[in-house]
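Peer 1: Sending over coords12.cif (mmCIF, C-alpha atoms).
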data_protein
loop_
_atom_site.label_atom_id
_atom_site.label_comp_id
_atom_site.auth_asym_id
_atom_site.auth_seq_id
_atom_site.Cartn_x
_atom_site.Cartn_y
_atom_site.Cartn_z
CA MET A 1441 -26.16 16.59 0.81
CA GLY A 1442 -28.65 18.49 -1.35
CA PRO A 1443 -30.10 18.94 -3.95
CA LEU A 1444 -31.67 15.60 -3.06
CA ILE A 1445 -32.49 14.18 -6.50
CA PRO A 1446 -29.30 15.11 -8.43
CA HIS A 1447 -27.30 13.73 -5.47
CA GLU A 1448 -29.32 10.52 -5.71
CA LEU A 1449 -30.61 10.69 -2.15
CA LEU A 1450 -34.09 10.45 -3.63
CA SER A 1451 -34.99 8.70 -6.87
CA PRO A 1452 -36.24 10.88 -9.76
CA GLU A 1453 -39.70 9.28 -9.37
CA TRP A 1454 -40.14 11.50 -6.33
CA ASN A 1455 -40.00 14.58 -8.56
CA ASN A 1456 -43.73 14.62 -9.25
CA VAL A 1457 -44.68 13.73 -5.69
CA ILE A 1458 -42.60 16.59 -4.30
CA ALA A 1459 -43.92 18.92 -7.00
CA LEU A 1460 -47.48 18.00 -6.02
CA ILE A 1461 -46.86 18.63 -2.32
CA ILE A 1462 -45.08 21.96 -2.95
CA GLY A 1463 -47.77 22.91 -5.49
CA ILE A 1464 -50.57 22.31 -3.00
CA ALA A 1465 -48.73 24.28 -0.30
CA PHE A 1466 -47.99 27.09 -2.77
CA GLY A 1467 -51.61 27.26 -3.93
CA TYR A 1468 -52.87 27.22 -0.37
CA LEU A 1469 -50.60 30.09 0.65
CA MET A 1470 -51.51 32.14 -2.42
CA GLU A 1471 -55.18 31.70 -1.68
CA ALA A 1472 -54.56 32.53 2.00
CA SER A 1473 -52.75 35.73 0.92
CA GLY A 1474 -55.80 36.73 -1.12
CA PHE A 1475 -54.10 36.14 -4.46
CA SER A 1476 -57.13 34.57 -6.04
CA SER A 1477 -58.63 38.05 -6.31
CA SER A 1478 -57.68 39.78 -9.55
CA ARG A 1479 -58.51 43.16 -8.00
CA LYS A 1480 -56.02 42.61 -5.23
CA LEU A 1481 -53.35 41.51 -7.68
CA ALA A 1482 -53.92 44.43 -10.04
CA GLY A 1483 -53.87 46.76 -7.02
CA VAL A 1484 -50.08 46.84 -7.07
CA PHE A 1485 -50.14 48.39 -10.56
CA TYR A 1486 -52.86 50.92 -9.73
CA GLY A 1487 -51.32 51.70 -6.36
CA TYR A 1488 -54.08 50.80 -3.92
CA ASP A 1489 -52.85 47.42 -2.66
CA PHE A 1490 -49.23 46.35 -2.26
CA THR A 1491 -49.78 42.82 -0.97
CA VAL A 1492 -48.30 41.29 -4.14
CA LEU A 1493 -45.08 43.22 -3.70
CA ARG A 1494 -44.81 42.24 -0.06
CA VAL A 1495 -45.56 38.55 -0.56
CA PHE A 1496 -43.30 37.97 -3.55
CA PHE A 1497 -40.48 40.12 -2.20
CA THR A 1498 -40.62 38.28 1.13
CA ALA A 1499 -40.65 34.91 -0.69
CA ALA A 1500 -37.62 35.90 -2.77
CA VAL A 1501 -35.58 37.20 0.17
CA VAL A 1502 -36.48 34.26 2.43
CA SER A 1503 -35.42 31.77 -0.24
CA MET A 1504 -32.18 33.69 -0.88
CA ILE A 1505 -31.32 33.66 2.82
CA GLY A 1506 -32.42 30.03 3.19
CA ILE A 1507 -30.37 28.75 0.26
CA LEU A 1508 -27.22 30.55 1.42
CA TYR A 1509 -27.53 29.29 5.01
CA LEU A 1510 -28.23 25.72 3.84
CA SER A 1511 -25.21 25.96 1.58
CA LYS A 1512 -22.95 27.34 4.32
CA LEU A 1513 -24.10 24.69 6.78
CA GLY A 1514 -23.24 22.00 4.24
CA TYR A 1515 -26.78 20.80 3.52
CA LEU A 1516 -26.92 22.06 -0.04
CA ASN A 1517 -24.34 22.20 -2.77
CA PHE A 1518 -24.80 25.66 -4.22
CA ASP A 1519 -22.94 24.80 -7.43
CA ASP A 1520 -25.36 22.01 -8.27
CA LEU A 1521 -28.38 24.28 -8.39
CA TYR A 1522 -29.79 24.82 -11.84
CA ILE A 1523 -29.80 28.44 -12.91
CA GLN A 1524 -32.25 29.35 -15.65
CA PRO A 1525 -30.30 30.80 -18.59
CA THR A 1526 -30.87 34.48 -19.39
CA TYR A 1527 -32.15 35.10 -22.92
CA VAL A 1528 -32.08 38.89 -23.07
CA ASP A 1529 -34.49 39.47 -25.96
CA SER A 1530 -37.00 36.86 -24.80
CA ALA A 1531 -36.84 38.22 -21.26
CA ILE A 1532 -37.66 41.78 -22.38
CA ILE A 1533 -40.39 40.86 -24.88
CA GLY A 1534 -41.85 38.16 -22.63
CA GLY A 1535 -41.71 40.53 -19.67
CA VAL A 1536 -43.69 43.18 -21.51
CA ILE A 1537 -46.33 40.67 -22.69
CA MET A 1538 -46.56 39.14 -19.21
CA GLY A 1539 -46.86 42.61 -17.62
CA VAL A 1540 -49.62 43.72 -19.97
CA GLY A 1541 -51.40 40.40 -19.46
CA PHE A 1542 -51.05 40.75 -15.70
CA VAL A 1543 -52.53 44.26 -15.59
CA ALA A 1544 -55.25 43.52 -18.15
CA GLY A 1545 -56.26 40.10 -16.88
CA GLY A 1546 -55.54 40.66 -13.22
CA PHE A 1547 -53.72 37.36 -12.80
CA CYS A 1548 -50.42 35.70 -13.38
CA PRO A 1549 -50.52 32.05 -14.51
CA GLY A 1550 -50.27 30.55 -11.01
CA THR A 1551 -52.83 32.82 -9.40
CA SER A 1552 -55.31 32.25 -12.25
CA LEU A 1553 -55.26 28.52 -11.44
CA CYS A 1554 -55.79 29.42 -7.77
CA ALA A 1555 -58.78 31.56 -8.68
CA ALA A 1556 -60.22 28.92 -11.00
CA ALA A 1557 -59.84 26.35 -8.22
CA ILE A 1558 -62.18 28.34 -5.98
CA GLY A 1559 -64.66 28.76 -8.81
CA LYS A 1560 -63.90 32.27 -10.08
CA ILE A 1561 -65.07 32.72 -13.64
CA ASP A 1562 -62.48 35.40 -14.50
CA GLY A 1563 -59.78 32.94 -13.43
CA MET A 1564 -61.20 30.28 -15.76
CA VAL A 1565 -61.40 32.70 -18.67
CA PHE A 1566 -57.80 33.74 -17.97
CA ILE A 1567 -56.71 30.08 -18.17
CA LEU A 1568 -58.47 29.70 -21.53
CA GLY A 1569 -56.60 32.78 -22.78
CA LEU A 1570 -53.38 31.34 -21.41
CA MET A 1571 -53.94 28.05 -23.25
CA LEU A 1572 -54.72 29.94 -26.44
CA GLY A 1573 -51.50 31.92 -26.02
CA VAL A 1574 -49.53 28.70 -25.52
CA VAL A 1575 -51.01 27.18 -28.71
CA ILE A 1576 -50.33 30.33 -30.75
CA PHE A 1577 -46.78 30.58 -29.43
CA SER A 1578 -46.10 26.89 -30.13
CA GLU A 1579 -47.48 27.12 -33.67
CA MET A 1580 -45.45 30.25 -34.38
CA PHE A 1581 -42.31 28.93 -32.74
CA PRO A 1582 -40.42 28.18 -35.99
CA TRP A 1583 -40.70 31.91 -36.85
CA LEU A 1584 -40.00 33.07 -33.33
CA GLU A 1585 -37.08 30.75 -32.68
CA GLY A 1586 -34.48 33.33 -33.73
CA ILE A 1587 -35.80 35.93 -31.28
CA PHE A 1588 -36.39 33.29 -28.62
CA ASN A 1589 -32.76 32.15 -28.57
CA ALA A 1590 -31.15 35.55 -29.17
CA HIS A 1591 -28.53 36.87 -26.76
CA ASN A 1592 -28.29 33.88 -24.51
CA LEU A 1593 -26.07 34.87 -21.59
CA GLY A 1594 -26.25 31.41 -19.99
CA GLY A 1595 -26.95 30.85 -16.30
CA VAL A 1596 -25.61 34.20 -15.12
CA THR A 1597 -26.15 35.61 -11.65
CA LEU A 1598 -25.54 39.06 -10.19
CA GLU A 1599 -22.24 37.70 -8.94
CA ASP A 1600 -21.14 37.19 -12.56
CA THR A 1601 -22.43 40.49 -13.94
CA LEU A 1602 -21.94 42.98 -11.11
CA GLY A 1603 -19.24 41.16 -9.18
CA LEU A 1604 -21.38 41.35 -6.05
CA SER A 1605 -21.07 38.34 -3.77
CA ASN A 1606 -24.24 36.37 -3.08
CA GLU A 1607 -24.11 37.45 0.57
CA TRP A 1608 -24.00 41.15 -0.31
CA THR A 1609 -26.76 40.77 -2.89
CA THR A 1610 -28.95 39.09 -0.28
CA ALA A 1611 -28.23 41.71 2.37
CA ILE A 1612 -28.95 44.56 -0.06
CA PHE A 1613 -32.16 42.89 -1.22
CA ALA A 1614 -33.32 42.33 2.36
CA ILE A 1615 -32.77 46.01 3.16
CA ILE A 1616 -34.53 47.12 -0.05
CA ALA A 1617 -37.42 44.78 0.83
CA VAL A 1618 -37.86 46.21 4.32
CA VAL A 1619 -37.61 49.77 3.01
CA ALA A 1620 -40.18 48.93 0.30
CA PHE A 1621 -42.53 47.38 2.88
CA TYR A 1622 -42.26 50.44 5.09
CA GLY A 1623 -42.62 52.82 2.14
CA THR A 1624 -45.74 51.12 0.83
CA THR A 1625 -47.26 51.13 4.33
CA ILE A 1626 -46.73 54.90 4.57
CA LEU A 1627 -48.06 55.31 1.02
CA GLY A 1628 -51.13 53.28 1.94
CA ARG A 1629 -52.11 55.90 4.50
CA TYR A 1630 -52.43 58.58 1.82
CA ILE A 1631 -54.34 56.45 -0.66
CA ARG A 1632 -58.10 56.75 -0.78
CA ASN A 1633 -59.71 53.64 0.55
CA VAL A 1634 -60.56 51.66 -2.57
CA ARG A 1635 -63.36 49.18 -2.14
CA TYR A 1636 -62.94 45.97 -4.06
CA MET B 1230 -59.07 47.11 17.67
CA LYS B 1231 -56.35 49.73 18.05
CA LYS B 1232 -54.42 47.38 20.33
CA ARG B 1233 -54.62 44.62 17.74
CA VAL B 1234 -53.27 46.89 15.02
CA LEU B 1235 -50.42 47.86 17.33
CA ILE B 1236 -49.55 44.22 18.01
CA THR B 1237 -49.69 43.42 14.28
CA ARG B 1238 -47.45 46.37 13.52
CA LYS B 1239 -44.96 45.29 16.19
CA ARG B 1240 -44.93 41.80 14.73
CA TYR B 1241 -44.13 43.14 11.28
CA ILE B 1242 -41.37 45.34 12.67
CA PHE B 1243 -39.88 42.33 14.45
CA LEU B 1244 -40.10 40.14 11.34
CA GLY B 1245 -38.56 42.88 9.19
CA PHE B 1246 -35.64 43.19 11.59
CA ALA B 1247 -35.24 39.41 11.76
CA MET B 1248 -35.06 39.21 7.96
CA VAL B 1249 -32.41 41.93 7.70
CA ALA B 1250 -30.45 40.46 10.61
CA ALA B 1251 -30.46 37.01 9.00
CA ALA B 1252 -29.33 38.50 5.67
CA VAL B 1253 -26.59 40.63 7.21
CA GLY B 1254 -25.52 37.63 9.32
CA LEU B 1255 -24.59 35.88 6.08
CA LEU B 1256 -21.82 38.42 5.57
CA PHE B 1257 -20.14 37.35 8.79
CA PHE B 1258 -20.86 33.63 8.71
CA ASP B 1259 -18.20 31.69 6.84
CA GLY B 1260 -19.94 28.37 7.21
CA LEU B 1261 -19.06 25.19 9.01
CA PRO B 1262 -15.90 23.26 8.13
CA ASP B 1263 -16.71 21.05 5.19
CA ALA B 1264 -17.75 17.70 6.64
CA THR B 1265 -17.05 16.04 3.30
CA ARG B 1266 -13.34 16.81 3.64
CA LEU B 1267 -10.92 14.94 5.82
CA GLN B 1268 -9.13 17.02 8.42
CA ALA B 1269 -5.37 17.43 7.97
CA ASP B 1270 -4.40 15.27 10.97
CA GLN B 1271 -6.66 12.41 9.88
CA LEU B 1272 -5.24 12.62 6.38
CA LEU B 1273 -1.68 12.56 7.65
CA LEU B 1274 -2.43 9.53 9.81
CA LYS B 1275 -4.04 7.72 6.91
CA SER B 1276 -1.12 8.55 4.65
CA MET B 1277 1.46 7.37 7.19
CA LYS B 1278 -0.24 4.02 7.70
CA LYS B 1279 0.61 3.16 4.07
CA GLY B 1280 -2.47 0.97 3.89
CA HIS B 1281 -3.24 2.41 0.51
CA TYR B 1282 -0.21 0.89 -1.19
CA ILE B 1283 -0.60 -2.11 -3.41
CA ASN B 1284 2.59 -3.79 -4.58
CA SER B 1285 3.35 -5.12 -8.03
CA ASP B 1286 2.81 -8.77 -7.05
CA GLN B 1287 -0.60 -8.05 -5.57
CA LEU B 1288 -1.60 -6.01 -8.58
CA ALA B 1289 -0.39 -8.64 -11.06
CA GLU B 1290 -2.36 -11.28 -9.18
CA THR B 1291 -5.51 -9.12 -9.17
CA ILE B 1292 -5.21 -8.44 -12.90
CA ILE B 1293 -4.58 -12.11 -13.70
CA ASN B 1294 -7.56 -13.18 -11.58
CA GLY B 1295 -9.69 -10.83 -13.66
CA ASP B 1296 -11.13 -9.02 -10.65
CA PRO B 1297 -14.07 -7.10 -12.15
CA SER B 1298 -13.98 -4.50 -9.39
CA LEU B 1299 -10.49 -3.35 -10.35
CA LEU B 1300 -10.15 0.02 -12.05
CA LEU B 1301 -6.66 0.98 -13.15
CA ILE B 1302 -6.02 4.66 -13.63
CA ASP B 1303 -2.90 5.79 -15.45
CA LEU B 1304 -2.10 9.32 -14.27
CA ARG B 1305 0.60 10.03 -16.85
CA ASP B 1306 0.01 12.11 -19.93
CA SER B 1307 -1.66 10.68 -23.02
CA VAL B 1308 1.61 10.33 -24.97
CA GLN B 1309 3.18 8.11 -22.33
CA TYR B 1310 -0.10 6.25 -21.94
CA ALA B 1311 -0.29 5.62 -25.69
CA HIS B 1312 3.26 4.28 -25.60
CA TYR B 1313 2.54 1.64 -22.99
CA SER B 1314 0.39 1.05 -19.98
CA LEU B 1315 -1.22 -1.75 -18.02
CA PRO B 1316 -3.98 -3.83 -19.61
CA ASN B 1317 -7.42 -2.19 -19.49
CA ALA B 1318 -6.07 0.91 -17.76
CA MET B 1319 -7.81 4.22 -18.19
CA ASN B 1320 -5.88 7.40 -18.77
CA ILE B 1321 -6.73 10.38 -16.59
CA PRO B 1322 -3.70 12.74 -16.55
CA TYR B 1323 -3.15 13.84 -12.96
CA GLN B 1324 -3.81 17.51 -13.79
CA LYS B 1325 -7.36 16.52 -14.64
CA ILE B 1326 -8.30 14.34 -11.69
CA LEU B 1327 -10.53 16.97 -10.09
CA ASN B 1328 -12.09 17.85 -13.41
CA LYS B 1329 -15.88 17.48 -13.20
CA ASP B 1330 -15.84 15.00 -16.07
CA TYR B 1331 -13.51 12.58 -14.31
CA VAL B 1332 -14.13 13.02 -10.61
CA GLY B 1333 -17.00 10.52 -10.84
CA TYR B 1334 -14.42 7.73 -11.30
CA PHE B 1335 -12.92 8.51 -7.89
CA ASP B 1336 -16.01 9.53 -5.95
CA GLN B 1337 -17.57 6.06 -5.85
CA ASP B 1338 -17.52 2.92 -3.74
CA GLN B 1339 -18.01 0.21 -6.37
CA PHE B 1340 -14.49 -0.13 -7.71
CA LYS B 1341 -11.09 -0.64 -6.24
CA VAL B 1342 -9.24 2.20 -7.96
CA VAL B 1343 -5.49 1.76 -8.40
CA LEU B 1344 -3.62 4.93 -9.28
CA TYR B 1345 -0.22 4.75 -10.87
CA SER B 1346 2.36 6.77 -12.70
CA ASN B 1347 5.97 6.02 -13.61
CA ASP B 1348 7.00 6.14 -9.97
CA HIS B 1349 4.56 6.40 -7.12
CA LEU B 1350 5.15 10.09 -6.29
CA ILE B 1351 2.53 11.58 -8.60
CA ALA B 1352 0.10 8.80 -7.72
CA GLU B 1353 0.72 9.47 -4.03
CA GLN B 1354 -0.01 13.20 -4.52
CA ALA B 1355 -3.16 12.39 -6.42
CA TRP B 1356 -4.17 9.95 -3.67
CA LEU B 1357 -3.67 12.66 -1.02
CA LEU B 1358 -5.73 15.13 -2.98
CA LEU B 1359 -8.57 12.69 -3.61
CA THR B 1360 -8.54 11.23 -0.11
CA SER B 1361 -8.75 14.72 1.38
CA LYS B 1362 -12.11 14.93 -0.36
CA ASN B 1363 -13.10 11.81 1.56
CA PHE B 1364 -13.16 9.53 -1.47
CA SER B 1365 -12.54 5.91 -0.58
CA ASN B 1366 -11.31 2.69 -2.23
CA LEU B 1367 -8.26 4.42 -3.69
CA TYR B 1368 -4.90 2.68 -3.89
CA VAL B 1369 -1.44 3.56 -5.14
CA LEU B 1370 0.79 1.17 -7.06
CA GLU B 1371 3.95 1.08 -4.98
CA GLY B 1372 6.94 2.05 -7.08
CA GLY B 1373 4.71 2.78 -10.05
CA LEU B 1374 5.14 1.25 -13.49
CA ASN B 1375 8.94 1.22 -13.22
CA ASN B 1376 8.78 -1.11 -10.26
CA PHE B 1377 6.11 -3.20 -11.95
CA PHE B 1378 8.43 -3.78 -14.89
CA SER B 1379 11.45 -4.54 -12.80
CA THR B 1380 9.61 -7.06 -10.65
CA ILE B 1381 7.02 -8.68 -12.91
CA ILE B 1382 8.36 -8.26 -16.42
CA GLN B 1383 12.07 -8.54 -15.66
CA PRO B 1384 12.34 -10.31 -12.32
CA LYS B 1385 15.87 -10.90 -11.08
CA GLU B 1386 16.77 -14.48 -10.59
CA PRO B 1387 17.53 -15.13 -6.92
CA LEU B 1388 20.94 -16.30 -5.88
CA ALA B 1389 21.41 -20.03 -5.50
CA THR B 1390 21.64 -19.56 -1.76
CA ALA B 1391 18.33 -17.68 -1.48
CA ASP B 1392 15.54 -19.26 0.46
CA ARG B 1393 12.71 -21.24 -1.07
CA ASN B 1394 10.17 -18.45 -0.86
CA GLU B 1395 12.38 -16.28 -3.03
CA PHE B 1396 12.39 -18.93 -5.74
CA GLU B 1397 8.66 -19.40 -5.47
CA ARG B 1398 8.12 -15.69 -5.86
CA TYR B 1399 10.49 -15.64 -8.82
CA ASN B 1400 8.55 -18.44 -10.51
CA THR B 1401 5.25 -16.69 -9.86
CA ARG B 1402 6.61 -13.50 -11.36
CA LYS B 1403 7.89 -15.40 -14.37
CA ALA B 1404 4.44 -16.90 -14.85
CA ALA B 1405 2.85 -13.48 -14.47
CA GLY B 1406 5.28 -12.22 -17.10
CA TYR B 1407 3.94 -14.89 -19.49
CA TYR B 1408 0.45 -13.64 -18.83
CA PHE B 1409 1.46 -10.10 -19.76
CA GLY B 1410 3.05 -11.41 -22.97
CA PHE B 1411 6.72 -11.56 -22.01
CA PRO B 1412 8.05 -15.10 -22.30
CA MET B 1413 11.34 -15.89 -20.61
CA PRO B 1414 14.09 -15.08 -21.38
CA ARG B 1415 12.81 -11.54 -21.75
CA THR B 1416 13.69 -9.88 -25.00
CA VAL B 1417 14.52 -6.38 -23.99
CA SER B 1418 15.57 -4.12 -26.80
CA SER B 1419 18.15 -1.54 -25.92
CA GLY B 1420 16.83 0.87 -28.54
CA THR B 1421 13.62 1.81 -26.82
CA SER B 1422 13.89 4.75 -24.52
CA SER B 1423 11.43 3.27 -22.09
CA GLY B 1424 13.45 0.12 -21.69
CA ILE B 1425 10.45 -1.98 -22.51
CA SER B 1426 10.60 -5.01 -24.70
CA GLU B 1427 9.58 -4.76 -28.29
CA THR B 1428 6.50 -6.67 -27.39
CA GLY B 1429 5.76 -4.01 -24.83
CA GLY B 1430 2.73 -3.08 -26.85
CA ILE B 1431 0.99 -6.18 -25.59
CA LEU B 1432 0.92 -4.63 -22.16
CA LYS B 1433 -1.35 -1.95 -23.42
CA GLY B 1434 -4.14 -4.44 -23.74
CA LYS B 1435 -7.54 -3.20 -24.72
CA LYS B 1436 -7.64 0.48 -23.95
CA ARG B 1437 -10.50 1.92 -22.03
CA LYS B 1438 -11.74 5.15 -23.33
CA ALA B 1439 -12.54 7.65 -20.62
CA ILE B 1440 -16.23 8.18 -20.72
CA THR B 1441 -17.36 11.50 -19.38
CA ILE B 1442 -19.59 11.16 -16.36
CA ARG B 1443 -21.72 14.19 -15.86
CA LYS B 1444 -24.19 14.51 -13.09
CA LYS B 1445 -27.46 15.20 -14.78
CA LYS B 1446 -28.87 18.56 -14.02
CA LYS B 1447 -32.57 18.56 -13.65
CA LYS B 1448 -34.21 21.10 -15.82
CA LYS B 1449 -36.49 23.29 -13.85
CA VAL B 1450 -39.29 25.43 -14.95
CA GLY B 1451 -40.35 28.36 -12.90
CA GLY B 1452 -42.89 31.09 -12.82
CA CYS B 1453 -45.44 32.30 -10.42
#
Please re-express this file's structure in structure tokens.
Peer 2:
Amino acid sequence: MGPLIPHELLSPEWNNVIALIIGIAFGYLMEASGFSSSRKLAGVFYGYDFTVLRVFFTAAVVSMIGILYLSKLGYLNFDDLYIQPTYVDSAIIGGVIMGVGFVAGGFCPGTSLCAAAIGKIDGMVFILGLMLGVVIFSEMFPWLEGIFNAHNLGGVTLEDTLGLSNEWTTAIFAIIAVVAFYGTTILGRYIRNVRY
Amino acid sequence: MKKRVLITRKRYIFLGFAMVAAAVGLLFFDGLPDATRLQADQLLLKSMKKGHYINSDQLAETIINGDPSLLLIDLRDSVQYAHYSLPNAMNIPYQKILNKDYVGYFDQDQFKVVLYSNDHLIAEQAWLLLTSKNFSNLYVLEGGLNNFFSTIIQPKEPLATADRNEFERYNTRKAAGYYFGFPMPRTVSSGTSSGISETGGILKGKKRKAITIRKKKKKKVGGC
């Protein structure tokens, strides 16, 4: 049955409508989780607040479980899902830049928009920086193209690289998630109460 | 306050367990039987009814009438296809029928797809395979190309004592033969291994090139 648009159950015009609805829900939940506060987001790096880890880990595991059940129940054709190709060099370099930007700015792109939406000035400044980064990257793209496209592994998954089935990967991730949640809760007890 | 913390903690413990249980459950859940596939007994019944056969006379009539919904699929290899085939037929060798590039020709409900090979055995196997995937509007040319040639291109003249219908059918077949470029009496050369007349090339008609149908994958962009 699914994915709905590639299987022509919905026309492609619905793409933006669905994106808008999901975007609003996503933004609402991020704001409700307190993700419009850069101090809360940076807390995961400094070790005084692990909400980011819990929220994103939960989101990842829930979607993994959801996709596999939908696929097994025949509502979703797993093979038709688009898997983002893995560009090794870009992933490492981009990951480092993103990480530094996250710690320094206190936001990731989505959460900065969330913060700007509720009128936070640091969020707005972050978006300006983001735009500047996009312009610089686009202008420099002809020089960066070689690095950008290097070592393209294609749409690989853990099943392809480690030989682990999707079910096992999901089960292992779920257990790691719960252990991480418990561990960070215990850790939280020993951390000095940081006011932010 | 303490009670509230306790309740919250219990809720988290429960949710954590539920998440792990759901994930571990995946290891033991093989999924429902694929609703898009026909069950074996239904397939057998469908196959035994023989409703999917189309005979040479029906096919000739459909081709001559220029039915735009007709899609002829030649399941033989490209060498045999290049040698001769039916007019406007498309070549999809039977090994490739489930190939992603070609399956779009079978998984549709716009065309009446007629599968054929030299006899009808390969076409019948292909029909079984495709029908088991719940594809519809698929037909098999009874007796394949060999039967088509022996009935339409080289029809046997009925005996003088045969009934009128036999003669009518013979005349229709003769006329159909004209349409396919074989005037009577048929000039069959003994040299050709296929046993087709020298003008057999006419049968090829205008070839259809198989156009790859790929389902478009939507590009997604992600990020948090």
Peer 1: Only residues of chain A matter here; which ones have an atom within 8 Å of chain B, counting all atoms listed in the file? Give them as number ranges by chain.
Peer 2: A: 1446, 1502, 1505, 1508-1509, 1512-1514, 1520, 1522, 1524, 1548-1551, 1607-1608, 1610-1611, 1614-1615, 1618
Peer 1: Do you have the atom CA of A:Gly1467-atom CA of A:Asp1489 distance handy?
Peer 2: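 Between atom CA of A:Gly1467 and atom CA of A:Asp1489 the gap works out to 20.2 Å.
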Peer 1: Output the residue selection produced by the PyMOL selection byres ((chain B and resi 1355) around 10) on the file above, formatted as a PyMOL selection string.
Peer 2: chain B and resi 1304+1323-1324+1326-1327+1344-1345+1349-1354+1356-1361+1367+1369
Peer 1: For the residues in that selection, give me C-alpha atoms as a PDB file, keeping the file's coordinate frame.
Peer 2:
ATOM      1  CA  LEU B1304      -2.100   9.320 -14.270  1.00  0.00           C
ATOM      2  CA  TYR B1323      -3.150  13.840 -12.960  1.00  0.00           C
ATOM      3  CA  GLN B1324      -3.810  17.510 -13.790  1.00  0.00           C
ATOM      4  CA  ILE B1326      -8.300  14.340 -11.690  1.00  0.00           C
ATOM      5  CA  LEU B1327     -10.530  16.970 -10.090  1.00  0.00           C
ATOM      6  CA  LEU B1344      -3.620   4.930  -9.280  1.00  0.00           C
ATOM      7  CA  TYR B1345      -0.220   4.750 -10.870  1.00  0.00           C
ATOM      8  CA  HIS B1349       4.560   6.400  -7.120  1.00  0.00           C
ATOM      9  CA  LEU B1350       5.150  10.090  -6.290  1.00  0.00           C
ATOM     10  CA  ILE B1351       2.530  11.580  -8.600  1.00  0.00           C
ATOM     11  CA  ALA B1352       0.100   8.800  -7.720  1.00  0.00           C
ATOM     12  CA  GLU B1353       0.720   9.470  -4.030  1.00  0.00           C
ATOM     13  CA  GLN B1354      -0.010  13.200  -4.520  1.00  0.00           C
ATOM     14  CA  TRP B1356      -4.170   9.950  -3.670  1.00  0.00           C
ATOM     15  CA  LEU B1357      -3.670  12.660  -1.020  1.00  0.00           C
ATOM     16  CA  LEU B1358      -5.730  15.130  -2.980  1.00  0.00           C
ATOM     17  CA  LEU B1359      -8.570  12.690  -3.610  1.00  0.00           C
ATOM     18  CA  THR B1360      -8.540  11.230  -0.110  1.00  0.00           C
ATOM     19  CA  SER B1361      -8.750  14.720   1.380  1.00  0.00           C
ATOM     20  CA  LEU B1367      -8.260   4.420  -3.690  1.00  0.00           C
ATOM     21  CA  VAL B1369      -1.440   3.560  -5.140  1.00  0.00           C
TER      22      VAL B1369
END
Peer 1: Between B:Leu1272, B:Thr1390, B:Ile1382, B:Tyr1399, which has the minimum distance to B:Leu1315 (counting only C-alpha atoms)?
Peer 2: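 Ranked by minimum distance to B:Leu1315, first place goes to B:Ile1382.
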Peer 1: Can you tell me, as a short mmCIF file (atom, residue, chain, number, x, y, z; two decimals) with C-alpha atoms, keeping the file's coordinate frame, which residues sit within 10 Å of (-15.8, 12.9, -5.9) in the file's frame, using all atoms listed in the file?
Peer 2:
data_model
loop_
_atom_site.label_atom_id
_atom_site.label_comp_id
_atom_site.auth_asym_id
_atom_site.auth_seq_id
_atom_site.Cartn_x
_atom_site.Cartn_y
_atom_site.Cartn_z
CA THR B 1265 -17.05 16.04 3.30
CA ILE B 1326 -8.30 14.34 -11.69
CA LEU B 1327 -10.53 16.97 -10.09
CA ASN B 1328 -12.09 17.85 -13.41
CA LYS B 1329 -15.88 17.48 -13.20
CA TYR B 1331 -13.51 12.58 -14.31
CA VAL B 1332 -14.13 13.02 -10.61
CA GLY B 1333 -17.00 10.52 -10.84
CA TYR B 1334 -14.42 7.73 -11.30
CA PHE B 1335 -12.92 8.51 -7.89
CA ASP B 1336 -16.01 9.53 -5.95
CA GLN B 1337 -17.57 6.06 -5.85
CA LEU B 1359 -8.57 12.69 -3.61
CA THR B 1360 -8.54 11.23 -0.11
CA LYS B 1362 -12.11 14.93 -0.36
CA ASN B 1363 -13.10 11.81 1.56
CA PHE B 1364 -13.16 9.53 -1.47
CA SER B 1365 -12.54 5.91 -0.58
#
